[in-house]
Structure formats: structure tokens, C-alpha cells
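Dumped data.cif below, it's mmCIF, C-alpha atoms and all ligand atoms:
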data_structure
#
loop_
_atom_site.label_atom_id
_atom_site.label_comp_id
_atom_site.auth_asym_id
_atom_site.auth_seq_id
_atom_site.Cartn_x
_atom_site.Cartn_y
_atom_site.Cartn_z
CA MET A 227 -15.36 -17.69 5.83
CA LYS A 228 -17.38 -15.00 4.07
CA ASP A 229 -17.58 -12.99 7.30
CA LEU A 230 -13.83 -13.21 7.66
CA LEU A 231 -13.40 -12.12 4.03
CA ILE A 232 -15.56 -9.06 4.68
CA HIS A 233 -13.69 -8.26 7.87
CA GLU A 234 -10.38 -8.40 6.00
CA LEU A 235 -11.76 -6.28 3.16
CA LYS A 236 -12.81 -3.58 5.63
CA ASP A 237 -9.35 -3.64 7.18
CA ILE A 238 -7.55 -3.19 3.86
CA TYR A 239 -10.10 -0.58 2.74
CA ASN A 240 -9.20 1.52 5.75
CA ALA A 241 -5.48 0.78 5.32
CA GLU A 242 -5.61 2.07 1.71
CA GLN A 243 -7.32 5.25 2.89
CA GLN A 244 -4.59 5.81 5.47
CA ILE A 245 -1.99 5.31 2.72
CA THR A 246 -3.55 8.03 0.51
CA LYS A 247 -3.06 10.43 3.42
CA ALA A 248 0.52 9.36 4.13
CA LEU A 249 1.91 9.29 0.58
CA PRO A 250 1.70 13.07 -0.07
CA LYS A 251 3.74 13.67 3.10
CA MET A 252 6.29 11.11 1.95
CA MET A 253 6.52 12.85 -1.43
CA GLU A 254 7.30 16.09 0.37
CA ALA A 255 9.94 14.53 2.61
CA CYS A 256 11.69 12.89 -0.29
CA SER A 257 14.67 14.27 -2.25
CA SER A 258 15.20 11.74 -5.03
CA ASP A 259 13.12 12.58 -8.11
CA ARG A 260 12.87 8.94 -9.00
CA LEU A 261 11.54 8.04 -5.59
CA ARG A 262 9.10 10.94 -5.57
CA MET A 263 7.78 9.83 -8.94
CA ALA A 264 7.33 6.31 -7.61
CA PHE A 265 5.36 7.65 -4.62
CA GLU A 266 3.29 9.87 -6.88
CA ASP A 267 2.47 6.99 -9.23
CA HIS A 268 1.56 4.78 -6.33
CA PHE A 269 -0.68 7.49 -4.92
CA LYS A 270 -2.70 7.45 -8.14
CA VAL A 271 -2.70 3.65 -8.20
CA THR A 272 -3.91 3.58 -4.58
CA GLU A 273 -6.91 5.74 -5.45
CA LYS A 274 -7.82 3.25 -8.17
CA GLN A 275 -7.37 0.38 -5.72
CA ILE A 276 -9.90 1.99 -3.39
CA GLN A 277 -12.37 2.22 -6.29
CA ARG A 278 -11.68 -1.44 -7.01
CA LEU A 279 -12.51 -2.28 -3.41
CA ASP A 280 -15.77 -0.32 -3.76
CA LYS A 281 -16.58 -2.65 -6.63
CA VAL A 282 -15.62 -5.70 -4.57
CA PHE A 283 -17.92 -4.62 -1.71
CA GLU A 284 -20.72 -4.30 -4.25
CA MET A 285 -19.97 -7.80 -5.57
CA VAL A 286 -20.16 -9.34 -2.10
CA GLY A 287 -23.30 -7.32 -1.28
CA GLU A 288 -21.77 -5.34 1.54
CA LYS A 289 -21.63 -1.60 2.18
CA ALA A 290 -18.15 -0.19 1.50
CA THR A 291 -16.92 0.73 4.96
CA GLY A 292 -13.57 0.56 6.67
CA GLU A 293 -12.51 -0.79 10.01
CA LYS A 294 -9.53 0.99 11.52
CA CYS A 295 -6.41 -0.94 10.58
CA LYS A 296 -4.23 -0.49 13.64
CA ALA A 297 -1.28 -2.17 11.97
CA MET A 298 -1.23 0.38 9.14
CA GLU A 299 -1.69 3.15 11.68
CA GLY A 300 1.42 1.86 13.46
CA ILE A 301 3.48 1.58 10.29
CA ILE A 302 2.53 5.13 9.31
CA LYS A 303 3.29 6.43 12.80
CA GLU A 304 6.78 4.96 12.55
CA CYS A 305 7.13 6.60 9.18
CA GLU A 306 6.04 9.97 10.55
CA SER A 307 8.49 9.83 13.42
CA MET A 308 11.21 8.95 10.91
CA MET A 309 10.26 11.98 8.78
CA SER A 310 10.53 14.27 11.80
CA GLU A 311 14.19 13.30 12.26
CA ARG A 312 17.04 15.38 10.88
CA ALA A 313 19.04 13.39 8.36
CA ASP A 314 21.05 13.76 5.19
CA LYS A 315 18.78 13.81 2.16
CA SER A 316 19.75 10.41 0.81
CA VAL A 317 19.63 8.82 4.24
CA MET A 318 16.09 10.17 4.63
CA ASP A 319 15.22 8.74 1.22
CA ALA A 320 16.55 5.34 2.28
CA ALA A 321 14.45 5.53 5.45
CA LEU A 322 11.36 6.46 3.41
CA ILE A 323 11.87 3.39 1.25
CA ALA A 324 12.12 1.26 4.39
CA CYS A 325 8.74 2.64 5.53
CA ALA A 326 7.12 2.31 2.13
CA GLN A 327 8.18 -1.31 1.79
CA ARG A 328 6.62 -2.12 5.15
CA VAL A 329 3.39 -0.66 3.82
CA GLU A 330 3.59 -2.70 0.61
CA HIS A 331 4.39 -5.92 2.45
CA TYR A 332 1.40 -5.49 4.71
CA GLU A 333 -0.77 -4.98 1.64
CA ILE A 334 0.72 -7.98 -0.15
CA ALA A 335 -0.14 -10.16 2.86
CA ALA A 336 -3.65 -8.71 3.10
CA TYR A 337 -4.51 -8.93 -0.60
CA GLY A 338 -2.98 -12.40 -0.89
CA THR A 339 -5.23 -13.54 1.95
CA VAL A 340 -8.49 -12.04 0.66
CA ARG A 341 -7.73 -13.31 -2.83
CA THR A 342 -7.33 -16.84 -1.43
CA TYR A 343 -10.55 -16.58 0.62
CA ALA A 344 -12.50 -15.31 -2.39
CA ASN A 345 -11.12 -18.15 -4.46
CA GLN A 346 -12.14 -20.67 -1.79
CA LEU A 347 -15.64 -19.16 -1.81
CA GLY A 348 -15.87 -19.47 -5.60
CA MET A 349 -16.08 -15.70 -6.19
CA GLN A 350 -14.06 -15.52 -9.37
CA ASP A 351 -15.05 -11.93 -10.22
CA VAL A 352 -13.79 -10.82 -6.82
CA VAL A 353 -10.58 -12.85 -7.21
CA LYS A 354 -9.88 -11.03 -10.48
CA GLN A 355 -10.17 -7.58 -8.87
CA LEU A 356 -8.04 -8.49 -5.87
CA GLU A 357 -5.38 -10.09 -7.99
CA MET A 358 -4.98 -6.91 -10.05
CA THR A 359 -4.26 -4.97 -6.88
CA LEU A 360 -1.98 -7.68 -5.47
CA LYS A 361 0.08 -7.48 -8.65
CA GLU A 362 0.38 -3.70 -8.35
CA GLU A 363 1.55 -3.93 -4.75
CA LYS A 364 4.18 -6.51 -5.69
CA GLN A 365 5.37 -4.37 -8.61
CA THR A 366 5.67 -1.35 -6.33
CA ASP A 367 7.65 -3.33 -3.79
CA ALA A 368 10.04 -4.52 -6.53
CA LEU A 369 10.40 -0.97 -7.87
CA LEU A 370 11.28 0.33 -4.40
CA THR A 371 13.94 -2.35 -4.05
CA GLU A 372 15.36 -1.32 -7.40
CA ILE A 373 15.43 2.39 -6.51
CA ALA A 374 17.10 1.57 -3.19
CA GLU A 375 19.74 -0.71 -4.64
CA GLN A 376 20.52 1.30 -7.76
CA ALA A 377 20.47 4.81 -6.37
CA VAL A 378 19.29 5.80 -2.94
CA ASN A 379 21.28 3.40 -0.75
CA ILE A 380 24.47 4.07 -2.69
CA LYS A 381 24.08 7.82 -2.24
CA ALA A 382 23.16 7.35 1.42
CA GLU A 383 26.32 5.36 2.04
CA ARG A 384 28.45 8.19 0.59
FE FE B 1 -2.65 -0.39 -2.02
FE FE B 2 -5.06 -4.43 9.54
FE FE B 3 0.51 -0.14 -2.08
#
Would you mind writing the file out in C-alpha cells?
Amino acid sequence: MKDLLIHELKDIYNAEQQITKALPKMMEACSSDRLRMAFEDHFKVTEKQIQRLDKVFEMVGEKATGEKCKAMEGIIKECESMMSERADKSVMDAALIACAQRVEHYEIAAYGTVRTYANQLGMQDVVKQLEMTLKEEKQTDALLTEIAEQAVNIKAER
């Protein structure tokens, strides 16, 4: 179980690093100020989450290394091909939210899993760290839904 926990931590560590590279491109492709601010905030949060994972690796006595997360690579590739399309500004914003929510849902699944493993293994200090990040990912997902429903999707429909 501990080996599996470490494997999953390496996967999400790499996924987070891929996200820090993708978010600046998404900020550039985006037209809504509110959405751009959400991406910018989450970029900063993501950097802190990586530092948190560094701490977690230390706690479990493992070197902080990543293992290529092919799923995140795929999600980001889809996002990049979306960004290369020509579209009305608000339609592009709606598409960016669709991509970003896929990213957040992957992270919610991953952090929920490692949190549960750490709990099973009695690593309460690790659980605490992972739960902080899980909460942030869920909050971001909810914020994206709000921005979509209150602004971006309405504009895109017009
Ligand atoms: Fe994250
Ligand atoms: Fe993965
Ligand atoms: Fe995230």
C-alpha cells in the first residue's frame, strides 16, 4: 500500500508540474477577466501545492520525483488543440473552462485517493497536507462552474 501511495504521489507531482506549464497559456488564450484571474490564482496555488508535495515526500522518506502522468498529458493536449482553434472569444472561454475542469477533476480523484491511502497507513501528517490541496482543487472546480454558469456560457450562447 505504501508503494502504491508513493507511485500515486509521483504521478500527481508530475501532473501538477504539467499544470504550471499549461496555465500561463490558458491565461493568454482567455478573454474574460474573471476567468483569467481564476487561472492566475490557481497558478499560484498550484506552485504551493507542489511545495506541499515536496513536504509530503519528505514525510514518507522518499525523494521528490515525478513519473510522467500520461492522463494529464492527454488532457493538456486536448486543451492545446482547443486553443489552436478559431472561435468567438466567449466560446473559447467556455472551452477553456471545459478543459480546466477536466484537470481539476483528475486532481480531485488523485488527491482523494492518496489522502485515503495515507489515512489507511496511519500517516496523519500526510493526510493533513493532502486534504488541504484536495480542498483547493474542489474550490477551484466550484469556482469554474460558477464563472461558466454566471457569465461565460451566457455570453457564449449570445
Ligand atoms: Fe493542483
Ligand atoms: Fe496520472
Ligand atoms: Fe488544480
Interface rows for chain A against ligand FE 3 (chain B): nearest pair, Å to one decimal, 10 Å, only C-alpha atoms and all ligand atoms, as JSON lines:
{"residue": "A:Ala241", "atom": "CA", "partner": "B:FE3", "partner_atom": "FE", "distance": 9.6}
{"residue": "A:Glu242", "atom": "CA", "partner": "B:FE3", "partner_atom": "FE", "distance": 7.5}
{"residue": "A:Ile245", "atom": "CA", "partner": "B:FE3", "partner_atom": "FE", "distance": 7.7}
{"residue": "A:Thr246", "atom": "CA", "partner": "B:FE3", "partner_atom": "FE", "distance": 9.5}
{"residue": "A:Leu249", "atom": "CA", "partner": "B:FE3", "partner_atom": "FE", "distance": 9.9}
{"residue": "A:Phe265", "atom": "CA", "partner": "B:FE3", "partner_atom": "FE", "distance": 9.5}
{"residue": "A:His268", "atom": "CA", "partner": "B:FE3", "partner_atom": "FE", "distance": 6.6}
{"residue": "A:Phe269", "atom": "CA", "partner": "B:FE3", "partner_atom": "FE", "distance": 8.2}
{"residue": "A:Val271", "atom": "CA", "partner": "B:FE3", "partner_atom": "FE", "distance": 7.9}
{"residue": "A:Thr272", "atom": "CA", "partner": "B:FE3", "partner_atom": "FE", "distance": 6.3}
{"residue": "A:Gln275", "atom": "CA", "partner": "B:FE3", "partner_atom": "FE", "distance": 8.7}
{"residue": "A:Ala326", "atom": "CA", "partner": "B:FE3", "partner_atom": "FE", "distance": 8.2}
{"residue": "A:Gln327", "atom": "CA", "partner": "B:FE3", "partner_atom": "FE", "distance": 8.7}
{"residue": "A:Arg328", "atom": "CA", "partner": "B:FE3", "partner_atom": "FE", "distance": 9.7}
{"residue": "A:Val329", "atom": "CA", "partner": "B:FE3", "partner_atom": "FE", "distance": 6.6}
{"residue": "A:Glu330", "atom": "CA", "partner": "B:FE3", "partner_atom": "FE", "distance": 4.8}
{"residue": "A:His331", "atom": "CA", "partner": "B:FE3", "partner_atom": "FE", "distance": 8.3}
{"residue": "A:Tyr332", "atom": "CA", "partner": "B:FE3", "partner_atom": "FE", "distance": 8.7}
{"residue": "A:Glu333", "atom": "CA", "partner": "B:FE3", "partner_atom": "FE", "distance": 6.2}
{"residue": "A:Ile334", "atom": "CA", "partner": "B:FE3", "partner_atom": "FE", "distance": 8.1}
{"residue": "A:Thr359", "atom": "CA", "partner": "B:FE3", "partner_atom": "FE", "distance": 8.3}
{"residue": "A:Leu360", "atom": "CA", "partner": "B:FE3", "partner_atom": "FE", "distance": 8.6}
{"residue": "A:Lys361", "atom": "CA", "partner": "B:FE3", "partner_atom": "FE", "distance": 9.9}
{"residue": "A:Glu362", "atom": "CA", "partner": "B:FE3", "partner_atom": "FE", "distance": 7.2}
{"residue": "A:Glu363", "atom": "CA", "partner": "B:FE3", "partner_atom": "FE", "distance": 4.8}
{"residue": "A:Lys364", "atom": "CA", "partner": "B:FE3", "partner_atom": "FE", "distance": 8.2}
{"residue": "A:Gln365", "atom": "CA", "partner": "B:FE3", "partner_atom": "FE", "distance": 9.2}
{"residue": "A:Thr366", "atom": "CA", "partner": "B:FE3", "partner_atom": "FE", "distance": 6.8}
{"residue": "A:Asp367", "atom": "CA", "partner": "B:FE3", "partner_atom": "FE", "distance": 8.0}
Give me a file of those residues, with C-alpha atoms, as a compact mmCIF listing (two decimals), keeping the file's coordinate frame.
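Wrote out_38.txt, looks like this:
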# COMPACT_ATOMS: atom_id res chain seq x y z
CA ALA A 241 -5.48 0.78 5.32
CA GLU A 242 -5.61 2.07 1.71
CA ILE A 245 -1.99 5.31 2.72
CA THR A 246 -3.55 8.03 0.51
CA LEU A 249 1.91 9.29 0.58
CA PHE A 265 5.36 7.65 -4.62
CA HIS A 268 1.56 4.78 -6.33
CA PHE A 269 -0.68 7.49 -4.92
CA VAL A 271 -2.70 3.65 -8.20
CA THR A 272 -3.91 3.58 -4.58
CA GLN A 275 -7.37 0.38 -5.72
CA ALA A 326 7.12 2.31 2.13
CA GLN A 327 8.18 -1.31 1.79
CA ARG A 328 6.62 -2.12 5.15
CA VAL A 329 3.39 -0.66 3.82
CA GLU A 330 3.59 -2.70 0.61
CA HIS A 331 4.39 -5.92 2.45
CA TYR A 332 1.40 -5.49 4.71
CA GLU A 333 -0.77 -4.98 1.64
CA ILE A 334 0.72 -7.98 -0.15
CA THR A 359 -4.26 -4.97 -6.88
CA LEU A 360 -1.98 -7.68 -5.47
CA LYS A 361 0.08 -7.48 -8.65
CA GLU A 362 0.38 -3.70 -8.35
CA GLU A 363 1.55 -3.93 -4.75
CA LYS A 364 4.18 -6.51 -5.69
CA GLN A 365 5.37 -4.37 -8.61
CA THR A 366 5.67 -1.35 -6.33
CA ASP A 367 7.65 -3.33 -3.79
- Restricting the calculation to only C-alpha atoms, which member of A:Asp314, A:Asp259, A:Glu304, A:Asp351 is positioned closest to Glu284 of chain A?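 Closest candidate: A:Asp351.
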- Message: Could you list, as a VMD selection string, every residue within 12 Å of Glu288 of chain A, counting all atoms listed in the file and ignoring same-chain residues fewer than 6 positions away?
- Response: chain A and resid 228 to 229 231 to 233 235 to 236 279 to 282
Padding 4 Å on each side, edges along x, y and z: where is the centre of the box around the listed atoms of segment 269-277 of chain A, and how long are its edges in Å to one decimal? Output it as JSON.
{"center_x": -6.5, "center_y": 3.9, "center_z": -5.8, "size_x": 19.7, "size_y": 15.1, "size_z": 12.8}
- Best match for closeness to ligand FE 2 (chain B) among A:Leu261, A:Leu322, A:Ala336, A:Met227, counting all atoms listed in the file: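 Residue with the minimum atom-to-atom distance to ligand FE 2 (chain B): A:Ala336.
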Missing atoms in segment 296-309 of chain A: can you complete it with N, CA, C and O atoms, as a PDB file, in the frame of the given file?
ATOM      1  N   LYS A 296      -5.206  -0.980  12.655  1.00  0.00           N
ATOM      2  CA  LYS A 296      -4.230  -0.490  13.640  1.00  0.00           C
ATOM      3  C   LYS A 296      -2.804  -0.785  13.205  1.00  0.00           C
ATOM      4  O   LYS A 296      -1.877  -0.067  13.580  1.00  0.00           O
ATOM      5  N   ALA A 297      -2.630  -1.837  12.442  1.00  0.00           N
ATOM      6  CA  ALA A 297      -1.280  -2.170  11.970  1.00  0.00           C
ATOM      7  C   ALA A 297      -0.781  -1.084  11.015  1.00  0.00           C
ATOM      8  O   ALA A 297       0.345  -0.598  11.142  1.00  0.00           O
ATOM      9  N   MET A 298      -1.639  -0.658  10.074  1.00  0.00           N
ATOM     10  CA  MET A 298      -1.230   0.380   9.140  1.00  0.00           C
ATOM     11  C   MET A 298      -1.019   1.695   9.875  1.00  0.00           C
ATOM     12  O   MET A 298      -0.094   2.451   9.564  1.00  0.00           O
ATOM     13  N   GLU A 299      -1.858   1.942  10.866  1.00  0.00           N
ATOM     14  CA  GLU A 299      -1.690   3.150  11.680  1.00  0.00           C
ATOM     15  C   GLU A 299      -0.303   3.140  12.329  1.00  0.00           C
ATOM     16  O   GLU A 299       0.393   4.160  12.351  1.00  0.00           O
ATOM     17  N   GLY A 300       0.112   1.996  12.822  1.00  0.00           N
ATOM     18  CA  GLY A 300       1.420   1.860  13.460  1.00  0.00           C
ATOM     19  C   GLY A 300       2.563   2.050  12.479  1.00  0.00           C
ATOM     20  O   GLY A 300       3.531   2.757  12.773  1.00  0.00           O
ATOM     21  N   ILE A 301       2.426   1.447  11.311  1.00  0.00           N
ATOM     22  CA  ILE A 301       3.480   1.580  10.290  1.00  0.00           C
ATOM     23  C   ILE A 301       3.630   3.051   9.895  1.00  0.00           C
ATOM     24  O   ILE A 301       4.734   3.580   9.773  1.00  0.00           O
ATOM     25  N   ILE A 302       2.500   3.722   9.721  1.00  0.00           N
ATOM     26  CA  ILE A 302       2.530   5.130   9.310  1.00  0.00           C
ATOM     27  C   ILE A 302       3.077   6.012  10.433  1.00  0.00           C
ATOM     28  O   ILE A 302       3.814   6.969  10.183  1.00  0.00           O
ATOM     29  N   LYS A 303       2.737   5.674  11.663  1.00  0.00           N
ATOM     30  CA  LYS A 303       3.290   6.430  12.800  1.00  0.00           C
ATOM     31  C   LYS A 303       4.816   6.332  12.829  1.00  0.00           C
ATOM     32  O   LYS A 303       5.503   7.326  13.060  1.00  0.00           O
ATOM     33  N   GLU A 304       5.320   5.147  12.606  1.00  0.00           N
ATOM     34  CA  GLU A 304       6.780   4.960  12.550  1.00  0.00           C
ATOM     35  C   GLU A 304       7.373   5.818  11.438  1.00  0.00           C
ATOM     36  O   GLU A 304       8.417   6.438  11.594  1.00  0.00           O
ATOM     37  N   CYS A 305       6.681   5.832  10.328  1.00  0.00           N
ATOM     38  CA  CYS A 305       7.130   6.600   9.180  1.00  0.00           C
ATOM     39  C   CYS A 305       7.150   8.092   9.509  1.00  0.00           C
ATOM     40  O   CYS A 305       8.104   8.802   9.180  1.00  0.00           O
ATOM     41  N   GLU A 306       6.113   8.553  10.187  1.00  0.00           N
ATOM     42  CA  GLU A 306       6.040   9.970  10.550  1.00  0.00           C
ATOM     43  C   GLU A 306       7.140  10.357  11.539  1.00  0.00           C
ATOM     44  O   GLU A 306       7.717  11.446  11.430  1.00  0.00           O
ATOM     45  N   SER A 307       7.436   9.476  12.458  1.00  0.00           N
ATOM     46  CA  SER A 307       8.490   9.830  13.420  1.00  0.00           C
ATOM     47  C   SER A 307       9.850   9.830  12.711  1.00  0.00           C
ATOM     48  O   SER A 307      10.720  10.643  13.022  1.00  0.00           O
ATOM     49  N   MET A 308      10.000   8.954  11.717  1.00  0.00           N
ATOM     50  CA  MET A 308      11.210   8.950  10.910  1.00  0.00           C
ATOM     51  C   MET A 308      11.336  10.282  10.150  1.00  0.00           C
ATOM     52  O   MET A 308      12.409  10.883  10.102  1.00  0.00           O
ATOM     53  N   MET A 309      10.226  10.746   9.585  1.00  0.00           N
ATOM     54  CA  MET A 309      10.260  11.980   8.780  1.00  0.00           C
ATOM     55  C   MET A 309      10.539  13.217   9.637  1.00  0.00           C
ATOM     56  O   MET A 309      10.988  14.234   9.117  1.00  0.00           O
TER      57      MET A 309
END
